[in-house]
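Containing compact mmCIF, C-alpha atoms: upload_14.txt.
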# COMPACT_ATOMS: atom_id res chain seq x y z
CA MET V 1 10.39 -16.96 17.87
CA ALA V 2 6.96 -17.42 19.38
CA GLU V 3 5.55 -15.51 16.44
CA ALA V 4 7.37 -17.82 14.02
CA ALA V 5 6.04 -20.87 15.87
CA GLY V 6 2.57 -19.40 15.66
CA ARG V 7 2.94 -18.93 11.92
CA ARG V 8 4.11 -22.53 11.54
CA GLY V 9 1.15 -23.76 13.61
CA GLY V 10 -1.20 -21.62 11.57
CA SER V 11 0.32 -22.95 8.36
CA ARG V 12 -0.28 -26.55 9.44
CA SER V 13 -3.87 -25.71 10.34
CA ASP V 14 -4.34 -24.03 6.97
CA ASP V 15 -2.87 -27.08 5.24
CA ARG V 16 -5.33 -29.37 7.03
CA ARG V 17 -8.25 -27.14 6.07
CA SER V 18 -7.04 -27.01 2.48
CA ALA V 19 -6.70 -30.80 2.29
CA ASP V 20 -10.15 -31.16 3.85
CA GLN V 21 -11.64 -28.87 1.22
CA LEU V 22 -10.00 -30.90 -1.55
CA PHE V 23 -11.43 -34.18 -0.24
CA ASP V 24 -14.42 -35.18 -2.34
CA ARG V 25 -17.20 -36.39 -0.04
CA GLU V 26 -20.10 -36.14 -2.44
CA LEU V 27 -18.58 -38.11 -5.36
CA ASP V 28 -21.14 -36.58 -7.72
CA HIS V 29 -19.12 -37.71 -10.74
CA LEU V 30 -19.86 -41.37 -9.93
CA PRO V 31 -23.08 -43.22 -10.74
CA PRO V 32 -25.21 -43.92 -7.64
CA GLU V 33 -24.19 -47.58 -7.24
CA ALA V 34 -20.46 -46.84 -7.52
CA ARG V 35 -20.83 -43.85 -5.18
CA TRP V 36 -22.50 -46.01 -2.53
CA ARG V 37 -19.80 -48.66 -2.89
CA GLU V 38 -17.06 -46.08 -2.40
CA TRP V 39 -18.78 -44.70 0.70
CA MET V 40 -19.06 -48.26 2.08
CA ASN V 41 -15.35 -48.81 1.46
CA ARG V 42 -14.42 -45.53 3.13
CA VAL V 43 -16.49 -46.27 6.21
CA GLU V 44 -15.21 -49.81 6.59
CA ALA V 45 -11.60 -48.76 6.06
CA THR V 46 -11.88 -45.98 8.64
CA ILE V 47 -13.41 -48.27 11.26
CA PHE V 48 -10.85 -50.98 10.51
CA ALA V 49 -7.95 -48.55 10.96
CA ALA V 50 -9.22 -47.01 14.20
CA SER V 51 -8.10 -48.22 17.64
CA GLU V 52 -11.32 -46.91 19.23
CA PRO V 53 -14.97 -47.12 18.20
CA VAL V 54 -15.71 -44.58 15.46
CA ASN V 55 -18.81 -42.45 15.99
CA ARG V 56 -21.27 -41.25 13.37
CA GLU V 57 -19.94 -37.68 13.46
CA THR V 58 -16.50 -38.91 12.38
CA LEU V 59 -17.90 -41.13 9.64
CA ALA V 60 -20.03 -38.25 8.34
CA ARG V 61 -16.80 -36.43 7.40
CA ILE V 62 -15.97 -38.97 4.70
CA VAL V 63 -19.34 -39.46 2.99
CA GLY V 64 -21.88 -37.22 1.26
CA LYS V 65 -24.32 -35.06 3.20
CA SER V 66 -27.29 -37.10 2.01
CA CYS V 67 -25.69 -40.43 2.93
CA SER V 68 -27.25 -42.50 5.72
CA ILE V 69 -24.52 -43.92 7.98
CA ASP V 70 -26.91 -46.51 9.39
CA LEU V 71 -27.84 -47.82 5.93
CA LEU V 72 -24.16 -48.00 4.98
CA ILE V 73 -23.41 -49.97 8.15
CA ASP V 74 -26.32 -52.31 7.41
CA ASP V 75 -24.96 -53.03 3.93
CA ILE V 76 -21.43 -53.60 5.21
CA ARG V 77 -22.71 -55.98 7.89
CA GLU V 78 -24.70 -57.87 5.29
CA GLU V 79 -21.54 -58.42 3.26
CA LEU V 80 -19.71 -59.58 6.41
CA ARG V 81 -22.42 -62.11 7.27
CA GLY V 82 -20.26 -65.06 6.27
CA ARG V 83 -17.03 -63.67 7.70
CA PRO V 84 -15.55 -64.52 11.14
CA TYR V 85 -15.87 -60.88 12.22
CA ASP V 86 -18.63 -58.28 12.26
CA LEU V 87 -19.15 -54.54 12.48
CA VAL V 88 -20.87 -53.75 15.76
CA ALA V 89 -22.18 -50.70 17.62
CA VAL V 90 -20.23 -50.34 20.87
CA ALA V 91 -19.53 -47.46 23.29
CA GLY V 92 -21.26 -44.90 21.09
CA GLY V 93 -19.44 -45.85 17.88
CA PHE V 94 -18.70 -48.70 15.49
CA ARG V 95 -15.96 -51.29 15.68
CA HIS V 96 -14.83 -54.52 14.05
CA LEU V 97 -15.16 -57.48 16.42
CA THR V 98 -14.60 -61.15 15.79
CA ARG V 99 -17.59 -63.40 16.28
CA PRO V 100 -18.01 -65.30 19.59
CA ALA V 101 -17.79 -68.64 17.77
CA TYR V 102 -14.06 -67.99 17.26
CA ALA V 103 -13.28 -67.01 20.85
CA ASP V 104 -11.66 -70.36 21.70
CA ALA V 105 -9.45 -70.23 18.63
CA ILE V 106 -8.35 -66.68 19.47
CA ARG V 107 -7.62 -67.57 23.09
CA SER V 108 -5.62 -70.60 21.96
CA ALA V 109 -3.57 -68.42 19.63
CA PHE V 110 -2.98 -65.41 21.88
CA GLY V 111 -3.81 -66.47 25.45
CA SER V 112 -6.77 -66.01 27.79
CA THR V 113 -6.28 -62.24 28.19
CA PHE V 114 -7.03 -61.54 24.53
CA GLY V 115 -10.44 -59.93 24.96
CA THR V 116 -13.35 -58.25 23.24
CA ALA V 117 -11.57 -54.95 22.77
CA VAL V 118 -9.32 -56.59 20.18
CA GLY V 119 -11.60 -59.29 18.88
CA GLY V 120 -13.35 -62.39 20.07
CA SER V 121 -15.05 -62.65 23.45
CA GLY V 122 -14.06 -62.60 27.07
CA LEU V 123 -12.60 -59.73 29.03
CA ALA V 124 -9.25 -58.19 28.21
CA VAL V 125 -9.13 -57.02 31.84
CA ASP V 126 -8.45 -59.72 34.43
CA LEU V 127 -11.54 -59.64 36.67
CA THR V 128 -12.73 -62.13 39.25
CA GLN V 129 -16.30 -63.38 39.23
CA SER V 130 -16.98 -61.28 42.33
CA GLU V 131 -15.68 -58.16 40.61
CA VAL V 132 -17.82 -58.82 37.54
CA LEU V 133 -20.90 -59.13 39.76
CA VAL V 134 -20.12 -55.89 41.59
CA LEU V 135 -19.47 -54.16 38.28
CA MET V 136 -22.78 -55.31 36.83
CA CYS V 137 -24.65 -54.17 39.96
CA ILE V 138 -23.07 -50.74 39.63
CA ALA V 139 -24.03 -50.66 35.95
CA TYR V 140 -27.68 -51.36 36.79
CA PHE V 141 -28.05 -49.10 39.82
CA GLN V 142 -25.53 -46.26 39.28
CA PRO V 143 -24.75 -43.88 40.78
CA ILE V 144 -24.36 -46.09 43.84
CA THR V 145 -22.22 -45.93 46.99
CA ARG V 146 -20.04 -48.70 48.34
CA ALA V 147 -22.33 -48.99 51.37
CA GLU V 148 -25.36 -49.39 49.11
CA LEU V 149 -23.53 -52.10 47.16
CA SER V 150 -22.67 -53.89 50.39
CA SER V 151 -26.28 -53.71 51.55
CA PHE V 152 -27.57 -55.01 48.24
CA LEU V 153 -25.10 -57.89 48.00
CA GLY V 154 -25.22 -58.80 51.69
CA LYS V 155 -21.42 -58.66 51.89
CA GLU V 156 -18.98 -55.86 52.65
CA ILE V 157 -17.50 -54.51 49.42
CA SER V 158 -13.86 -53.66 50.05
CA ARG V 159 -12.04 -50.56 48.91
CA ASP V 160 -9.47 -52.85 47.31
CA LEU V 161 -12.14 -54.37 45.07
CA ILE V 162 -13.43 -50.95 44.05
CA GLY V 163 -9.85 -49.79 43.56
CA HIS V 164 -9.08 -52.65 41.19
CA LEU V 165 -12.15 -51.88 39.10
CA ARG V 166 -11.16 -48.21 38.98
CA GLY V 167 -7.59 -49.09 38.10
CA ALA V 168 -8.88 -51.25 35.25
CA GLY V 169 -10.80 -48.23 33.95
CA MET V 170 -14.19 -49.84 34.53
CA LEU V 171 -15.39 -47.36 37.18
CA ALA V 172 -15.22 -43.64 37.90
CA SER V 173 -16.42 -41.47 40.78
CA GLY V 174 -19.96 -40.21 40.44
CA PRO V 175 -21.65 -37.38 42.32
CA ARG V 176 -21.57 -37.27 46.11
CA SER V 177 -24.50 -39.07 47.70
CA PRO V 178 -27.03 -36.85 49.54
CA THR V 179 -26.92 -39.31 52.46
CA PRO V 180 -25.14 -38.43 55.75
CA GLY V 181 -21.39 -38.08 55.25
CA ALA V 182 -21.86 -37.42 51.51
CA PRO V 183 -19.99 -40.57 50.42
CA TYR V 184 -18.76 -40.93 46.87
CA THR V 185 -20.87 -42.82 44.39
CA TYR V 186 -19.51 -44.94 41.54
CA VAL V 187 -20.49 -45.12 37.88
CA THR V 188 -19.33 -47.21 34.95
CA THR V 189 -17.17 -45.81 32.14
CA LYS V 190 -16.82 -46.00 28.38
CA GLU V 191 -14.20 -48.70 28.96
CA PHE V 192 -16.90 -50.79 30.65
CA LEU V 193 -19.05 -50.51 27.53
CA LEU V 194 -16.10 -51.54 25.38
CA GLU V 195 -15.22 -54.57 27.49
CA PHE V 196 -18.78 -55.86 27.60
CA GLY V 197 -19.57 -55.03 23.97
CA LEU V 198 -22.37 -52.55 24.77
CA ASP V 199 -23.27 -49.48 22.76
CA THR V 200 -24.99 -47.74 25.69
CA LEU V 201 -26.22 -48.75 29.15
CA ARG V 202 -29.66 -49.19 27.60
CA ASP V 203 -28.25 -52.36 26.03
CA LEU V 204 -27.85 -54.03 29.43
CA PRO V 205 -30.08 -57.10 29.68
CA ASP V 206 -33.26 -56.67 31.67
CA PHE V 207 -32.63 -57.73 35.29
CA GLU V 208 -35.65 -60.04 35.22
CA ALA V 209 -34.31 -61.66 32.06
CA LEU V 210 -31.03 -62.38 33.88
CA GLU V 211 -32.99 -63.96 36.72
CA ASP V 212 -35.02 -66.05 34.26
CA ALA V 213 -31.77 -67.20 32.64
CA GLY V 214 -30.38 -68.19 36.04
CA LEU V 215 -27.49 -65.72 35.76
CA LEU V 216 -28.51 -63.56 38.71
CA SER V 217 -30.80 -64.20 41.64
CA LYS V 218 -32.03 -61.20 43.59
CA GLU V 219 -33.02 -63.46 46.51
CA LYS V 220 -29.55 -64.99 46.70
CA LEU V 221 -27.94 -61.59 46.42
CA LEU V 222 -29.97 -60.17 49.28
CA ALA V 223 -29.40 -63.31 51.37
CA GLY V 224 -25.65 -63.13 50.82
CA ASP V 225 -25.60 -66.64 49.36
CA ILE V 226 -23.70 -65.69 46.23
CA MET V 227 -20.11 -64.69 45.59
CA PRO V 228 -18.43 -65.01 49.01
CA GLY V 229 -15.18 -63.17 49.55
CA PHE V 230 -16.36 -59.56 49.57
CA SER V 231 -15.72 -59.17 53.29
CA ASP V 232 -13.26 -56.53 54.46
CA PRO V 233 -13.75 -56.61 58.25
CA GLY V 234 -10.83 -54.38 59.08
CA GLU V 235 -12.05 -51.25 57.31
CA GLY V 236 -14.39 -48.53 58.41
CA GLY V 237 -15.17 -44.88 57.93
CA ALA V 238 -16.41 -42.95 54.95
CA ASP V 239 -15.53 -43.67 51.37
CA VAL V 240 -12.77 -41.65 49.78
CA PRO V 241 -11.97 -41.41 46.09
CA ILE V 242 -9.43 -44.00 44.98
CA GLU V 243 -6.79 -42.65 42.65
CA GLU V 244 -6.40 -44.44 39.36

Before we go any further, please render this structure as structure tokens.
Amino acid sequence: MAEAAGRRGGSRSDDRRSADQLFDRELDHLPPEARWREWMNRVEATIFAASEPVNRETLARIVGKSCSIDLLIDDIREELRGRPYDLVAVAGGFRHLTRPAYADAIRSAFGSTFGTAVGGSGLAVDLTQSEVLVLMCIAYFQPITRAELSSFLGKEISRDLIGHLRGAGMLASGPRSPTPGAPYTYVTTKEFLLEFGLDTLRDLPDFEALEDAGLLSKEKLLAGDIMPGFSDPGEGGADVPIEE
């Protein structure tokens, strides 16, 4: 029976390989302009159908070997210039997102929890302003311990706050800190990139630019004059990993 199951599994694998071999990526029978148009259509259709950002390796399976994915994306985005949605690089891949100008209309239609992961702007995950600040600090200074966060922000960062961010998929445990007690550090996740519309962490705004824009103030952070409500006076001891 196991042998029969193995044969069936092998047959399905062979079928997939056979179908893959029959798929015409190169489209050599088409003139160059028509070939490029078909590759554009394939790429846009694949990204549109996907529930997650589609990376270049995946897109390379449906176009010719000499085709530039970046140039295809540029041409697709140019055609979408007048549309209410765009094709953007996020979390290491490409995804359709609606333009920020239509965020209010989308929220009115679907509610305030309809976020960037589906289209529009705003977070799909329900986060407080304090949690967003903690999350952004982790993004800039990761890997970072809870104690280091507390020291930086001038307020005690509770395990409950960290736990909510982990439960929302925004954070994961990083390496143990080399400091006494070897506490856990925290790092952001791919879900964080998705929620904030970032391709990589290199796309985070420069900290000084945030200060210049009045969005963050290092002096206020260090003085504890921003985002009250972090305090968790009843807790103590070393950090432990919080199960998701």

Practice prompt. Anything within 10 Å of (-22.0, -58.0, 23.5): list those residues as JSON, numbers by chain, counting all atoms listed in the file and sticking to the file's coordinates.
Written response: {"V": [88, 89, 90, 97, 100, 116, 121, 122, 193, 194, 195, 196, 197, 198, 199, 203, 204]}

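For the pair CA of Ser177 (chain V) and CA of Leu149 (chain V), the interatomic distance is 13.1 Å.
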
Practice prompt. Rank V:Ser173, V:Thr188, V:Gln129, V:Asn41 by their smallest atom-to-atom distance to Asp75 (chain V), using all atoms listed in the file, and report the top residue only.
Written response: V:Asn41

Discussion item. For a quick check of understanding, using all atoms listed in the file, which of V:Leu87, V:Met170, V:Ala109, V:Val54 has the smallest distance to Glu131 (chain V)?
Written reply: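 Under the stated criterion, the closest residue is V:Met170.
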
Practice prompt. Taking (-14.1, -59.9, 42.3) in the file's own coordinates, collect the residues within 9 Å, counting all atoms listed in the file, and hand them back as a PyMOL selection string.
Written response: chain V and resi 127-135+161+164-165+227+229-230

Item to complete: Please provide as a ChimeraX atom specification all residues within 10 Å of Ala50 (chain V), with the sequence filter that same-chain residues fewer than 4 positions apart are discarded (counting all atoms listed in the file).
Response: /V:45-46,54,94-96

Output for the residues just chosen: C-alpha atoms as an mmCIF file, keeping the file's coordinate frame:
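Contents of result31.cif, as written:
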data_model
loop_
_atom_site.group_PDB
_atom_site.id
_atom_site.type_symbol
_atom_site.label_atom_id
_atom_site.label_comp_id
_atom_site.auth_asym_id
_atom_site.auth_seq_id
_atom_site.Cartn_x
_atom_site.Cartn_y
_atom_site.Cartn_z
ATOM 1 C CA ALA V 45 -11.600 -48.760 6.060
ATOM 2 C CA THR V 46 -11.880 -45.980 8.640
ATOM 3 C CA VAL V 54 -15.710 -44.580 15.460
ATOM 4 C CA PHE V 94 -18.700 -48.700 15.490
ATOM 5 C CA ARG V 95 -15.960 -51.290 15.680
ATOM 6 C CA HIS V 96 -14.830 -54.520 14.050
#

Worksheet item: Nearest to Ile47 (chain V): which of V:Asp86, V:Glu78, V:Asp160, V:Glu26 is it, counting all atoms listed in the file?
Response: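 Checking each candidate against Ile47 (chain V), we get V:Asp86 as the closest.
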
Item to complete: Point out the residue among V:Gly93, V:Gly111, V:Ile157, V:Ser66 with the least atom-to-atom distance to Lys190 (chain V), counting all atoms listed in the file.
Response: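 Result for the nearest residue to Lys190 (chain V): V:Gly93.
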
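With all atoms listed in the file as the basis for measurement, V:Cys137 is the residue among V:Ala182, V:Ala34, V:Val187, V:Cys137 that approaches Pro205 (chain V) most closely.
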
Item to complete: Go ahead and compute the interatomic distance for CA of Gly181 (chain V) and CA of Arg146 (chain V), in Å to one decimal.
Response: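 Computed distance, CA of Gly181 (chain V) to CA of Arg146 (chain V), equals 12.7 Å.
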
Worksheet entry | Separation of CA of Ala91 (chain V) from CA of Pro53 (chain V) in Å |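 Between CA of Pro53 (chain V) and CA of Ala91 (chain V) the gap is 6.8 Å.
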
Discussion item. With distances taken over all atoms listed in the file, which residue among V:Met40, V:Arg77, V:Glu191, V:Gly167 lies nearest Ala60 (chain V)?
Written reply: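 Looking only at the distances to Ala60 (chain V), the closest residue turns out to be V:Met40.
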